Structure formats: C-alpha cells, structure tokens
$ cat upload-v4.cif   # mmCIF, C-alpha atoms and all ligand atoms
data_entry
#
loop_
_atom_site.group_PDB
_atom_site.id
_atom_site.type_symbol
_atom_site.label_atom_id
_atom_site.label_comp_id
_atom_site.auth_asym_id
_atom_site.auth_seq_id
_atom_site.Cartn_x
_atom_site.Cartn_y
_atom_site.Cartn_z
ATOM 1 C CA MET A 1 6.792 23.584 84.507
ATOM 2 C CA SER A 2 10.043 25.517 84.754
ATOM 3 C CA ILE A 3 11.212 27.944 82.119
ATOM 4 C CA ALA A 4 13.976 26.586 79.866
ATOM 5 C CA LEU A 5 14.267 29.534 77.475
ATOM 6 C CA THR A 6 13.530 33.235 77.744
ATOM 7 C CA THR A 7 14.130 35.786 75.004
ATOM 8 C CA ASP A 8 13.819 39.465 75.806
ATOM 9 C CA GLN A 9 13.548 42.007 72.977
ATOM 10 C CA VAL A 10 15.875 39.966 70.760
ATOM 11 C CA THR A 11 16.796 41.833 67.583
ATOM 12 C CA LYS A 12 19.058 40.994 64.645
ATOM 13 C CA ILE A 13 20.072 43.551 62.059
ATOM 14 C CA TYR A 14 22.126 42.362 59.082
ATOM 15 C CA GLY A 15 24.335 44.920 57.363
ATOM 16 C CA GLU A 16 24.617 48.618 58.038
ATOM 17 C CA GLY A 17 23.274 51.975 56.949
ATOM 18 C CA SER A 18 20.894 52.058 54.028
ATOM 19 C CA SER A 19 21.376 48.345 53.299
ATOM 20 C CA ALA A 20 20.541 47.267 56.880
ATOM 21 C CA VAL A 21 17.876 44.560 57.194
ATOM 22 C CA THR A 22 16.117 44.020 60.516
ATOM 23 C CA ALA A 23 15.572 40.255 60.274
ATOM 24 C CA VAL A 24 14.327 39.788 63.854
ATOM 25 C CA ASP A 25 12.714 42.688 65.637
ATOM 26 C CA ARG A 26 12.309 42.831 69.442
ATOM 27 C CA VAL A 27 11.151 39.267 69.908
ATOM 28 C CA SER A 28 10.201 38.185 73.443
ATOM 29 C CA PHE A 29 8.800 34.794 74.465
ATOM 30 C CA GLU A 30 9.315 31.882 76.839
ATOM 31 C CA VAL A 31 9.417 28.117 76.469
ATOM 32 C CA GLY A 32 8.997 25.744 79.396
ATOM 33 C CA ASP A 33 10.448 22.271 79.982
ATOM 34 C CA GLY A 34 8.341 19.755 78.120
ATOM 35 C CA GLU A 35 6.799 22.423 75.929
ATOM 36 C CA PHE A 36 6.888 22.084 72.148
ATOM 37 C CA ILE A 37 6.368 25.241 70.125
ATOM 38 C CA ALA A 38 6.227 26.048 66.431
ATOM 39 C CA VAL A 39 7.551 29.216 64.843
ATOM 40 C CA VAL A 40 5.648 29.849 61.614
ATOM 41 C CA GLY A 41 5.603 32.628 59.055
ATOM 42 C CA PRO A 42 6.312 33.351 55.397
ATOM 43 C CA SER A 43 9.742 32.990 53.871
ATOM 44 C CA GLY A 44 11.955 35.873 54.932
ATOM 45 C CA SER A 45 10.077 36.543 58.181
ATOM 46 C CA GLY A 46 13.151 35.847 60.327
ATOM 47 C CA LYS A 47 12.519 32.278 61.512
ATOM 48 C CA THR A 48 15.946 30.851 60.669
ATOM 49 C CA THR A 49 17.725 33.923 62.020
ATOM 50 C CA LEU A 50 15.855 33.576 65.296
ATOM 51 C CA LEU A 51 16.699 29.884 65.537
ATOM 52 C CA ALA A 52 20.378 30.500 64.763
ATOM 53 C CA MET A 53 20.520 33.005 67.634
ATOM 54 C CA LEU A 54 18.867 30.520 70.001
ATOM 55 C CA ALA A 55 21.406 27.908 68.881
ATOM 56 C CA THR A 56 24.185 30.396 69.831
ATOM 57 C CA LEU A 57 25.427 30.333 66.227
ATOM 58 C CA LEU A 58 24.586 33.987 65.682
ATOM 59 C CA ARG A 59 24.782 36.878 68.140
ATOM 60 C CA PRO A 60 21.779 39.152 68.546
ATOM 61 C CA SER A 61 22.322 42.834 67.708
ATOM 62 C CA SER A 62 20.465 43.603 70.924
ATOM 63 C CA GLY A 63 18.279 41.935 73.517
ATOM 64 C CA SER A 64 18.975 38.904 75.654
ATOM 65 C CA ILE A 65 18.553 35.144 75.494
ATOM 66 C CA LYS A 66 18.569 33.011 78.612
ATOM 67 C CA ILE A 67 18.718 29.239 78.524
ATOM 68 C CA ASP A 68 18.376 27.390 81.835
ATOM 69 C CA GLY A 69 18.658 30.801 83.494
ATOM 70 C CA GLN A 70 22.045 31.489 81.901
ATOM 71 C CA ASP A 71 22.496 34.613 79.812
ATOM 72 C CA LEU A 72 24.178 33.721 76.502
ATOM 73 C CA GLY A 73 25.397 37.295 76.008
ATOM 74 C CA ARG A 74 27.497 37.089 79.142
ATOM 75 C CA MET A 75 29.402 33.995 78.055
ATOM 76 C CA LYS A 76 32.867 33.992 76.547
ATOM 77 C CA ILE A 77 33.234 32.182 73.216
ATOM 78 C CA ARG A 78 34.667 28.953 74.665
ATOM 79 C CA GLN A 79 32.064 28.877 77.366
ATOM 80 C CA ARG A 80 29.325 29.406 74.807
ATOM 81 C CA THR A 81 30.651 26.578 72.615
ATOM 82 C CA ARG A 82 30.663 24.192 75.553
ATOM 83 C CA PHE A 83 27.219 25.369 76.630
ATOM 84 C CA ARG A 84 25.901 24.762 73.097
ATOM 85 C CA ARG A 85 27.292 21.232 72.957
ATOM 86 C CA GLN A 86 25.869 20.294 76.316
ATOM 87 C CA ASN A 87 22.580 22.166 76.593
ATOM 88 C CA ILE A 88 21.347 22.591 73.026
ATOM 89 C CA GLY A 89 20.487 20.163 70.265
ATOM 90 C CA PHE A 90 19.607 21.193 66.741
ATOM 91 C CA THR A 91 18.759 19.941 63.321
ATOM 92 C CA PHE A 92 18.600 22.090 60.233
ATOM 93 C CA GLN A 93 16.739 21.641 56.996
ATOM 94 C CA ALA A 94 19.872 20.274 55.363
ATOM 95 C CA ASN A 95 20.320 17.693 58.085
ATOM 96 C CA ASN A 96 24.120 17.819 57.995
ATOM 97 C CA LEU A 97 24.660 14.149 58.674
ATOM 98 C CA VAL A 98 28.290 13.192 58.205
ATOM 99 C CA PRO A 99 28.271 11.154 54.963
ATOM 100 C CA PHE A 100 31.028 8.714 55.926
ATOM 101 C CA LEU A 101 29.596 7.833 59.339
ATOM 102 C CA THR A 102 26.778 5.332 59.906
ATOM 103 C CA ALA A 103 23.444 6.347 61.441
ATOM 104 C CA LEU A 104 24.612 5.163 64.856
ATOM 105 C CA GLU A 105 28.000 6.870 64.529
ATOM 106 C CA ASN A 106 26.319 10.121 63.510
ATOM 107 C CA VAL A 107 24.262 10.050 66.706
ATOM 108 C CA GLU A 108 27.245 9.010 68.830
ATOM 109 C CA LEU A 109 29.247 11.898 67.389
ATOM 110 C CA MET A 110 27.281 14.317 69.563
ATOM 111 C CA LEU A 111 28.393 12.363 72.645
ATOM 112 C CA ARG A 112 31.955 12.131 71.401
ATOM 113 C CA LEU A 113 32.087 15.941 71.094
ATOM 114 C CA ASN A 114 30.895 16.165 74.696
ATOM 115 C CA LYS A 115 33.364 13.517 75.803
ATOM 116 C CA SER A 116 30.468 11.467 77.096
ATOM 117 C CA LEU A 117 30.541 8.500 74.725
ATOM 118 C CA ASN A 118 30.546 5.884 77.470
ATOM 119 C CA LYS A 119 28.510 2.704 77.886
ATOM 120 C CA ASP A 120 25.405 4.629 78.939
ATOM 121 C CA GLY A 121 25.772 7.031 76.036
ATOM 122 C CA ARG A 122 26.089 4.210 73.510
ATOM 123 C CA LYS A 123 23.001 2.571 74.946
ATOM 124 C CA ARG A 124 21.069 5.833 74.776
ATOM 125 C CA ALA A 125 22.110 6.413 71.145
ATOM 126 C CA LYS A 126 20.778 2.963 70.195
ATOM 127 C CA GLU A 127 17.587 3.442 72.197
ATOM 128 C CA MET A 128 16.974 6.814 70.605
ATOM 129 C CA LEU A 129 17.325 5.372 67.084
ATOM 130 C CA ASP A 130 15.169 2.430 68.083
ATOM 131 C CA ARG A 131 12.525 4.829 69.365
ATOM 132 C CA LEU A 132 12.586 6.616 66.023
ATOM 133 C CA GLY A 133 12.035 3.311 64.212
ATOM 134 C CA LEU A 134 15.586 2.940 62.947
ATOM 135 C CA SER A 135 16.906 -0.103 64.822
ATOM 136 C CA HIS A 136 17.380 -1.898 61.477
ATOM 137 C CA ARG A 137 19.339 1.033 60.041
ATOM 138 C CA LEU A 138 22.043 1.539 62.681
ATOM 139 C CA ASN A 139 24.894 0.562 60.398
ATOM 140 C CA ASN A 140 23.729 2.267 57.230
ATOM 141 C CA LEU A 141 25.387 5.355 55.801
ATOM 142 C CA PRO A 142 23.201 8.448 55.242
ATOM 143 C CA ASN A 143 23.069 7.899 51.463
ATOM 144 C CA GLN A 144 21.592 4.445 52.099
ATOM 145 C CA LEU A 145 18.717 6.005 54.028
ATOM 146 C CA SER A 146 15.526 7.655 52.783
ATOM 147 C CA GLY A 147 14.919 11.364 53.403
ATOM 148 C CA GLY A 148 12.604 10.579 56.313
ATOM 149 C CA GLU A 149 15.119 8.190 57.870
ATOM 150 C CA GLN A 150 17.902 10.778 57.564
ATOM 151 C CA GLN A 151 15.697 13.365 59.223
ATOM 152 C CA ARG A 152 14.994 10.962 62.090
ATOM 153 C CA VAL A 153 18.709 10.280 62.542
ATOM 154 C CA ALA A 154 19.214 14.052 62.739
ATOM 155 C CA ILE A 155 16.523 14.247 65.440
ATOM 156 C CA ALA A 156 18.188 11.438 67.408
ATOM 157 C CA ARG A 157 21.472 13.304 67.139
ATOM 158 C CA ALA A 158 19.833 16.518 68.356
ATOM 159 C CA MET A 159 18.456 14.804 71.460
ATOM 160 C CA VAL A 160 20.904 12.064 72.476
ATOM 161 C CA HIS A 161 22.998 14.263 74.756
ATOM 162 C CA GLU A 162 19.863 15.197 76.726
ATOM 163 C CA PRO A 163 19.920 18.921 75.957
ATOM 164 C CA SER A 164 17.384 21.184 77.648
ATOM 165 C CA LEU A 165 16.635 23.013 74.396
ATOM 166 C CA VAL A 166 16.029 21.250 71.075
ATOM 167 C CA LEU A 167 15.761 23.275 67.865
ATOM 168 C CA ALA A 168 14.615 22.094 64.447
ATOM 169 C CA ASP A 169 14.556 24.252 61.328
ATOM 170 C CA GLU A 170 12.065 22.937 58.766
ATOM 171 C CA PRO A 171 12.543 19.278 59.777
ATOM 172 C CA THR A 172 9.922 18.172 57.270
ATOM 173 C CA ALA A 173 10.919 20.226 54.246
ATOM 174 C CA SER A 174 12.187 17.231 52.266
ATOM 175 C CA LEU A 175 9.431 14.817 53.293
ATOM 176 C CA ASP A 176 6.090 13.815 51.872
ATOM 177 C CA THR A 177 3.047 14.619 54.013
ATOM 178 C CA GLN A 178 2.676 11.226 55.664
ATOM 179 C CA ARG A 179 6.368 11.011 56.628
ATOM 180 C CA ALA A 180 6.278 14.609 57.800
ATOM 181 C CA TYR A 181 3.428 13.833 60.210
ATOM 182 C CA GLN A 182 5.263 10.750 61.515
ATOM 183 C CA VAL A 183 8.524 12.596 62.087
ATOM 184 C CA VAL A 184 6.919 15.539 63.863
ATOM 185 C CA GLU A 185 4.672 13.321 65.979
ATOM 186 C CA THR A 186 7.641 11.281 67.238
ATOM 187 C CA PHE A 187 9.599 14.453 67.803
ATOM 188 C CA ALA A 188 6.708 15.893 69.848
ATOM 189 C CA ASN A 189 6.408 12.704 71.910
ATOM 190 C CA LEU A 190 10.125 12.769 72.754
ATOM 191 C CA ILE A 191 9.995 16.459 73.710
ATOM 192 C CA HIS A 192 7.022 15.861 76.004
ATOM 193 C CA GLU A 193 8.278 12.635 77.601
ATOM 194 C CA GLN A 194 11.833 13.775 78.160
ATOM 195 C CA LYS A 195 10.786 17.251 79.287
ATOM 196 C CA ARG A 196 12.895 19.157 76.761
ATOM 197 C CA ALA A 197 11.982 22.595 75.490
ATOM 198 C CA GLY A 198 11.368 22.109 71.763
ATOM 199 C CA ILE A 199 11.161 24.688 69.006
ATOM 200 C CA MET A 200 10.335 23.770 65.437
ATOM 201 C CA VAL A 201 10.427 26.278 62.624
ATOM 202 C CA THR A 202 8.025 25.255 59.932
ATOM 203 C CA HIS A 203 6.596 26.551 56.731
ATOM 204 C CA ASP A 204 3.952 23.849 56.880
ATOM 205 C CA LEU A 205 1.052 24.889 59.084
ATOM 206 C CA ARG A 206 -0.348 21.356 59.123
ATOM 207 C CA MET A 207 2.473 20.360 61.464
ATOM 208 C CA VAL A 208 1.280 22.670 64.256
ATOM 209 C CA THR A 209 -1.216 20.000 65.219
ATOM 210 C CA TYR A 210 1.525 18.475 67.436
ATOM 211 C CA VAL A 211 2.654 21.639 69.245
ATOM 212 C CA ASP A 212 1.521 23.400 72.413
ATOM 213 C CA LYS A 213 2.080 26.949 71.241
ATOM 214 C CA VAL A 214 2.429 28.688 67.870
ATOM 215 C CA ILE A 215 4.470 31.834 67.354
ATOM 216 C CA SER A 216 3.560 33.540 64.075
ATOM 217 C CA MET A 217 6.185 35.857 62.635
ATOM 218 C CA VAL A 218 5.791 38.551 60.008
ATOM 219 C CA ASP A 219 8.680 40.778 58.915
ATOM 220 C CA GLY A 220 10.778 39.839 61.948
ATOM 221 C CA ILE A 221 8.060 40.698 64.431
ATOM 222 C CA ILE A 222 5.915 38.334 66.488
ATOM 223 C CA ASP A 223 2.505 38.853 64.979
ATOM 224 C CA GLN A 224 0.665 36.457 67.255
ATOM 225 C CA ILE A 225 1.234 33.827 69.950
ATOM 226 C CA THR A 226 -1.426 31.119 69.970
ATOM 227 C CA THR A 227 -1.799 28.707 72.876
ATOM 228 C CA ASP A 228 -5.479 27.842 72.681
ATOM 229 C CA ARG A 229 -5.884 24.233 71.455
ATOM 230 C CA ASP A 230 -8.896 24.914 69.236
ATOM 231 C CA SER A 231 -7.195 27.853 67.567
ATOM 232 C CA ILE A 232 -4.033 25.797 66.949
ATOM 233 C CA ASP A 233 -6.062 22.951 65.483
ATOM 234 C CA SER A 234 -7.957 25.268 63.187
ATOM 235 C CA MET A 235 -4.627 26.727 61.974
ATOM 236 C CA ALA A 236 -3.517 23.177 61.148
ATOM 237 C CA ASN A 237 -6.747 22.413 59.334
ATOM 238 C CA THR A 238 -7.054 25.567 57.257
ATOM 239 C CA ILE A 239 -4.206 24.539 54.990
ATOM 240 C CA GLN A 240 -5.237 20.900 54.829
ATOM 241 C CA THR A 241 -8.632 21.709 53.365
ATOM 242 C CA THR A 242 -7.298 24.099 50.733
ATOM 243 C CA PRO A 243 -7.220 22.117 47.482
ATOM 244 C CA GLY A 244 -3.868 21.897 45.789
ATOM 245 C CA SER A 245 -1.994 23.884 48.408
ATOM 246 C CA ASP A 246 1.460 22.571 49.020
ATOM 247 C CA VAL A 247 3.534 24.791 51.229
ATOM 248 C CA LEU A 248 6.459 22.358 51.085
ATOM 249 C CA VAL A 249 6.983 23.009 47.399
ATOM 250 C CA GLU A 250 7.105 26.731 48.008
ATOM 251 C CA GLU A 251 9.784 26.317 50.660
ATOM 252 C CA LYS A 252 11.986 24.250 48.383
ATOM 253 C CA ALA A 253 11.770 26.822 45.625
ATOM 254 C CA ASN A 254 13.194 29.519 47.859
ATOM 255 C CA SER A 255 16.923 29.689 48.204
ATOM 256 C CA GLU A 256 18.052 30.213 51.742
ATOM 257 C CA PRO A 257 21.550 30.672 53.069
ATOM 258 C CA GLU A 258 22.971 27.277 54.017
ATOM 259 C CA PRO A 259 23.159 27.053 57.769
ATOM 260 C CA VAL A 260 26.560 26.228 59.159
ATOM 261 C CA SER A 261 27.164 23.384 61.526
ATOM 262 C CA PRO A 262 30.218 24.473 63.474
ATOM 263 C CA GLU A 263 30.271 21.236 65.489
ATOM 264 C CA ILE A 264 30.736 19.099 62.444
ATOM 265 C CA SER A 265 32.887 21.355 60.294
ATOM 266 C CA ARG A 266 35.362 21.962 63.070
HETATM 267 P P1 LIG A 301 13.042 32.774 57.197
HETATM 268 O O1 LIG A 301 13.820 31.660 57.828
HETATM 269 O O2 LIG A 301 11.768 33.100 57.900
HETATM 270 O O3 LIG A 301 12.824 32.546 55.734
HETATM 271 P P2 LIG A 301 15.480 34.353 57.466
HETATM 272 O O4 LIG A 301 15.813 34.409 58.914
HETATM 273 O O5 LIG A 301 16.237 33.399 56.640
HETATM 274 O O6 LIG A 301 13.907 34.121 57.325
HETATM 275 O O7 LIG A 301 15.632 35.795 56.839
HETATM 276 C C1 LIG A 301 15.051 36.980 57.416
HETATM 277 C C2 LIG A 301 15.507 38.197 56.617
HETATM 278 O O8 LIG A 301 16.907 38.401 56.817
HETATM 279 C C3 LIG A 301 15.308 38.102 55.125
HETATM 280 O O9 LIG A 301 14.988 39.375 54.653
HETATM 281 C C4 LIG A 301 16.667 37.651 54.622
HETATM 282 O O10 LIG A 301 16.868 38.075 53.298
HETATM 283 C C5 LIG A 301 17.594 38.357 55.576
HETATM 284 N N1 LIG A 301 18.850 37.597 55.810
HETATM 285 C C6 LIG A 301 18.963 36.322 56.255
HETATM 286 N N2 LIG A 301 20.246 35.957 56.399
HETATM 287 C C7 LIG A 301 20.982 37.040 56.028
HETATM 288 C C8 LIG A 301 22.391 37.322 55.962
HETATM 289 N N3 LIG A 301 23.292 36.389 56.302
HETATM 290 N N4 LIG A 301 22.752 38.547 55.527
HETATM 291 C C9 LIG A 301 21.847 39.489 55.189
HETATM 292 N N5 LIG A 301 20.523 39.309 55.240
HETATM 293 C C10 LIG A 301 20.078 38.098 55.651
HETATM 294 MG MG MG A 302 14.321 29.721 57.120
#
$ encode --input "upload-v4.cif" --output "structure tokens"
Amino acid sequence: MSIALTTDQVTKIYGEGSSAVTAVDRVSFEVGDGEFIAVVGPSGSGKTTLLAMLATLLRPSSGSIKIDGQDLGRMKIRQRTRFRRQNIGFTFQANNLVPFLTALENVELMLRLNKSLNKDGRKRAKEMLDRLGLSHRLNNLPNQLSGGEQQRVAIARAMVHEPSLVLADEPTASLDTQRAYQVVETFANLIHEQKRAGIMVTHDLRMVTYVDKVISMVDGIIDQITTDRDSIDSMANTIQTTPGSDVLVEEKANSEPEPVSPEISR
C-alpha cells in the first residue's frame, strides 16, 4: 500500500493575540491508497478545520501536508486549485449540489471543471450513480431527491474524477440510521475497490464500523489512533447499545460555519 496523504505537525490558529484559537494542534498521520479512515471527536475539536486544510481550502498556520508526495505548501495558488480539482474529491455536510442541475449533471460538473467530460467521463458518471443505486434518478433535480439520495450524488461527484484523496465531512448528518449505514458502506466499498485514500469526519461513532483506522480528536489534538479491528468495532458498538443516544441530533443542534465550495461558487 503506498502512502497517499501525510500530515506533519499540522496546526491551525484562528485569530490573533488573546482571541487566538488553536483549532488544530500539531496533527501528524498518514493514509494509504485504499485505506478508509474516520476522524471522530466532539463538536469543536477541529475536525472540519483539519478537513478543510486537507482539501486545500484553508492554509495551515504551520506544518506540512503532502498528497501523492506533493507538498501543498509549496504550490502557487493556481497550481493548488488545479491540484485540488484533479487529485481531491470532497463532500461537505451541506452537500452543495447545484440546485438547477440534475443528479447526472451535478456529477458531470466535476469532469467539466477538469475539462475531462468526454465519452469515458460520461460513462463513468453514469456508472458511479448506478453503483450508488441512483440509475433511476439521473435526470432528477436535487430537490426531487431524498436526503440520502442527495448525499449519494455528492459522493459520486466527489469520486467521479478518480481523485487519490476523498474527503467527507459528516456525510450522514442529515440521514436516518439505516440510510446512514447504507451510504457509508457503499462509500467504504468504493474507497477500497478503487484504491482511494478516504477520510470521513463523523460525529456518529456507529459509522466507524466501516473504516480501517479511527483518529480521535480532542481540543485540536489527536487523542488516539485506533487500527485494531476489535477496538474499532467496540467503539462502534458502545454508542449503539446506549439507550436513547442519538449523536446525529446533537450535531444538527450545533451551528457550524458553512463550508465554502470554491469550485461551485466560482
Ligand atoms: P469540529 O468540526 O470538530 O466541530 P471545527 O474545526 O469546526 O471543529 O472548530 C474547531 C475550533 O475552531 C472551534 O473552537 C471553533 O469555534 C473554531 N473555529 C472554527 N472555524 C473558525 C473560524 N473561521 N474562525 C474562528 N474560529 C473558528
Ligand atoms: Mg465540523
């Protein structure tokens, strides 16, 4: 397995002086091709900030990020934008589907931005949606789709251009438990089969059942990295057996800054 992503002492400090907040604090880890990892932790622990830096949407205050051996910090803005479009796929909690484009067009948009919407690309977009169980929804607009279907379109869009790194921030936040399991399971299968490096931020520990490694964050710091299968499975089960616990509700109640999607808003 080759290494797709390396972070070395990555730190993000928002603001200055007495109002400075260290959102991510000296975070170092690696993700290999075909490896699916979860980043978990309470609200405010720095998960979204970390993901935004990996997506090249936010610059670290210090430390380095390498994707496919290339150091993001050494790239000029244009180069970084092109690198992002070609090598990285992402989906955020608010899935940012374009409301006036159909499911298929939303997925094809990623290829259009890369100037690779050719016959092969079109075929791959359809296959990807088919794989995610949406072949009967190709020509529907986002508002004609359920929350789970929209989330799956967003996953197809994040993977259609065959990026080496795929990032998902709370992909199940708007889904009921059964749909959440389905979405994450399919996502995991695609990551494994297509040998992408996948990172999912989740508030919902039950979803770690599909990942190979769990990074637990507390106050911007990596508290623990878990790779042992039994330990991961017991993390997933702890929450499940707690009566009445619903971590999804808690996530929704918290207001988070809306992530930007520079590709779409451009
Ligand atoms: P999580 O995704 O784990 O909930 P975030 O990365 O959103 O965590 O936030 C980590 C910390 O950084 C929190 O204390 C949050 O208030 C702060 N924070 C996040 N975004 C900003 C911002 N744009 N400006 C200032 N502080 C921020
Ligand atoms: Mg977040």
$ resolve_selection --input "upload-v4.cif" --expression "the PyMOL selection byres (((chain A and resi 54) around 10) and not hetatm)" --output "PyMOL selection string"
chain A and resi 5-7+10+48-53+55-60+65-67+72+84+88+90+165-167+199
$ resolve_selection --input "upload-v4.cif" --expression "the PyMOL selection byres (((chain A and resi 126-136) around 8) and not hetatm)" --output "VMD selection string"
chain A and resid 104 122 to 125 137 to 139 149 152 to 153 156 160 186
$ write_last_selection --input "upload-v4.cif" --atoms "C-alpha atoms" --output "mmCIF file, in the coordinates of the input"
data_model
loop_
_atom_site.group_PDB
_atom_site.id
_atom_site.type_symbol
_atom_site.label_atom_id
_atom_site.label_comp_id
_atom_site.auth_asym_id
_atom_site.auth_seq_id
_atom_site.Cartn_x
_atom_site.Cartn_y
_atom_site.Cartn_z
ATOM 1 C CA LEU A 104 24.612 5.163 64.856
ATOM 2 C CA ARG A 122 26.089 4.210 73.510
ATOM 3 C CA LYS A 123 23.001 2.571 74.946
ATOM 4 C CA ARG A 124 21.069 5.833 74.776
ATOM 5 C CA ALA A 125 22.110 6.413 71.145
ATOM 6 C CA ARG A 137 19.339 1.033 60.041
ATOM 7 C CA LEU A 138 22.043 1.539 62.681
ATOM 8 C CA ASN A 139 24.894 0.562 60.398
ATOM 9 C CA GLU A 149 15.119 8.190 57.870
ATOM 10 C CA ARG A 152 14.994 10.962 62.090
ATOM 11 C CA VAL A 153 18.709 10.280 62.542
ATOM 12 C CA ALA A 156 18.188 11.438 67.408
ATOM 13 C CA VAL A 160 20.904 12.064 72.476
ATOM 14 C CA THR A 186 7.641 11.281 67.238
#
$ resolve_selection --input "upload-v4.cif" --expression "the PyMOL selection byres (((not hetatm)) within 7 of (chain A and resi 301))" --output "list in words"
Tyr14, Gly15, Val21, Thr22, Ala23, Gly41, Pro42, Ser43, Gly44, Ser45, Gly46, Lys47, Thr48, Thr49, Leu50, Gly220, Glu256 and Pro257 of chain A
$ axis_aligned_box --input "upload-v4.cif" --around "segment 28-37 of chain A" --padding-each-side "4 Å" --output "JSON"
{"center_x": 8.4, "center_y": 29.0, "center_z": 75.1, "size_x": 12.1, "size_y": 26.4, "size_z": 17.9}
$ residues_near_point --input "upload-v4.cif" --point "(3.5, 20.8, 78.6)" --cutoff "9 Å" --atoms "all atoms listed in the file" --output "NGL selection string"
:A and (1 or 32-36 or 192 or 195 or 212)
$ atom_distance --input "upload-v4.cif" --atom1 "atom CA of Val183 of chain A" --atom2 "atom CA of Arg80 of chain A"
29.6 Å
$ closest_residue --input "upload-v4.cif" --among "A:Ile77, A:Val214, A:Leu175, A:Val40" --to "ligand MG 302 (chain A)" --atoms "all atoms listed in the file"
A:Val40
$ atom_distance --input "upload-v4.cif" --atom1 "atom CA of Thr226 of chain A" --atom2 "atom CA of Val31 of chain A"
13.0 Å
$ atom_distance --input "upload-v4.cif" --atom1 "atom CA of Ser234 of chain A" --atom2 "atom CA of Thr202 of chain A"
16.3 Å
$ closest_residue --input "upload-v4.cif" --among "A:Glu170, A:Asp71, A:Glu162, A:Asp233" --to "ligand MG 302 (chain A)" --atoms "all atoms listed in the file"
A:Glu170
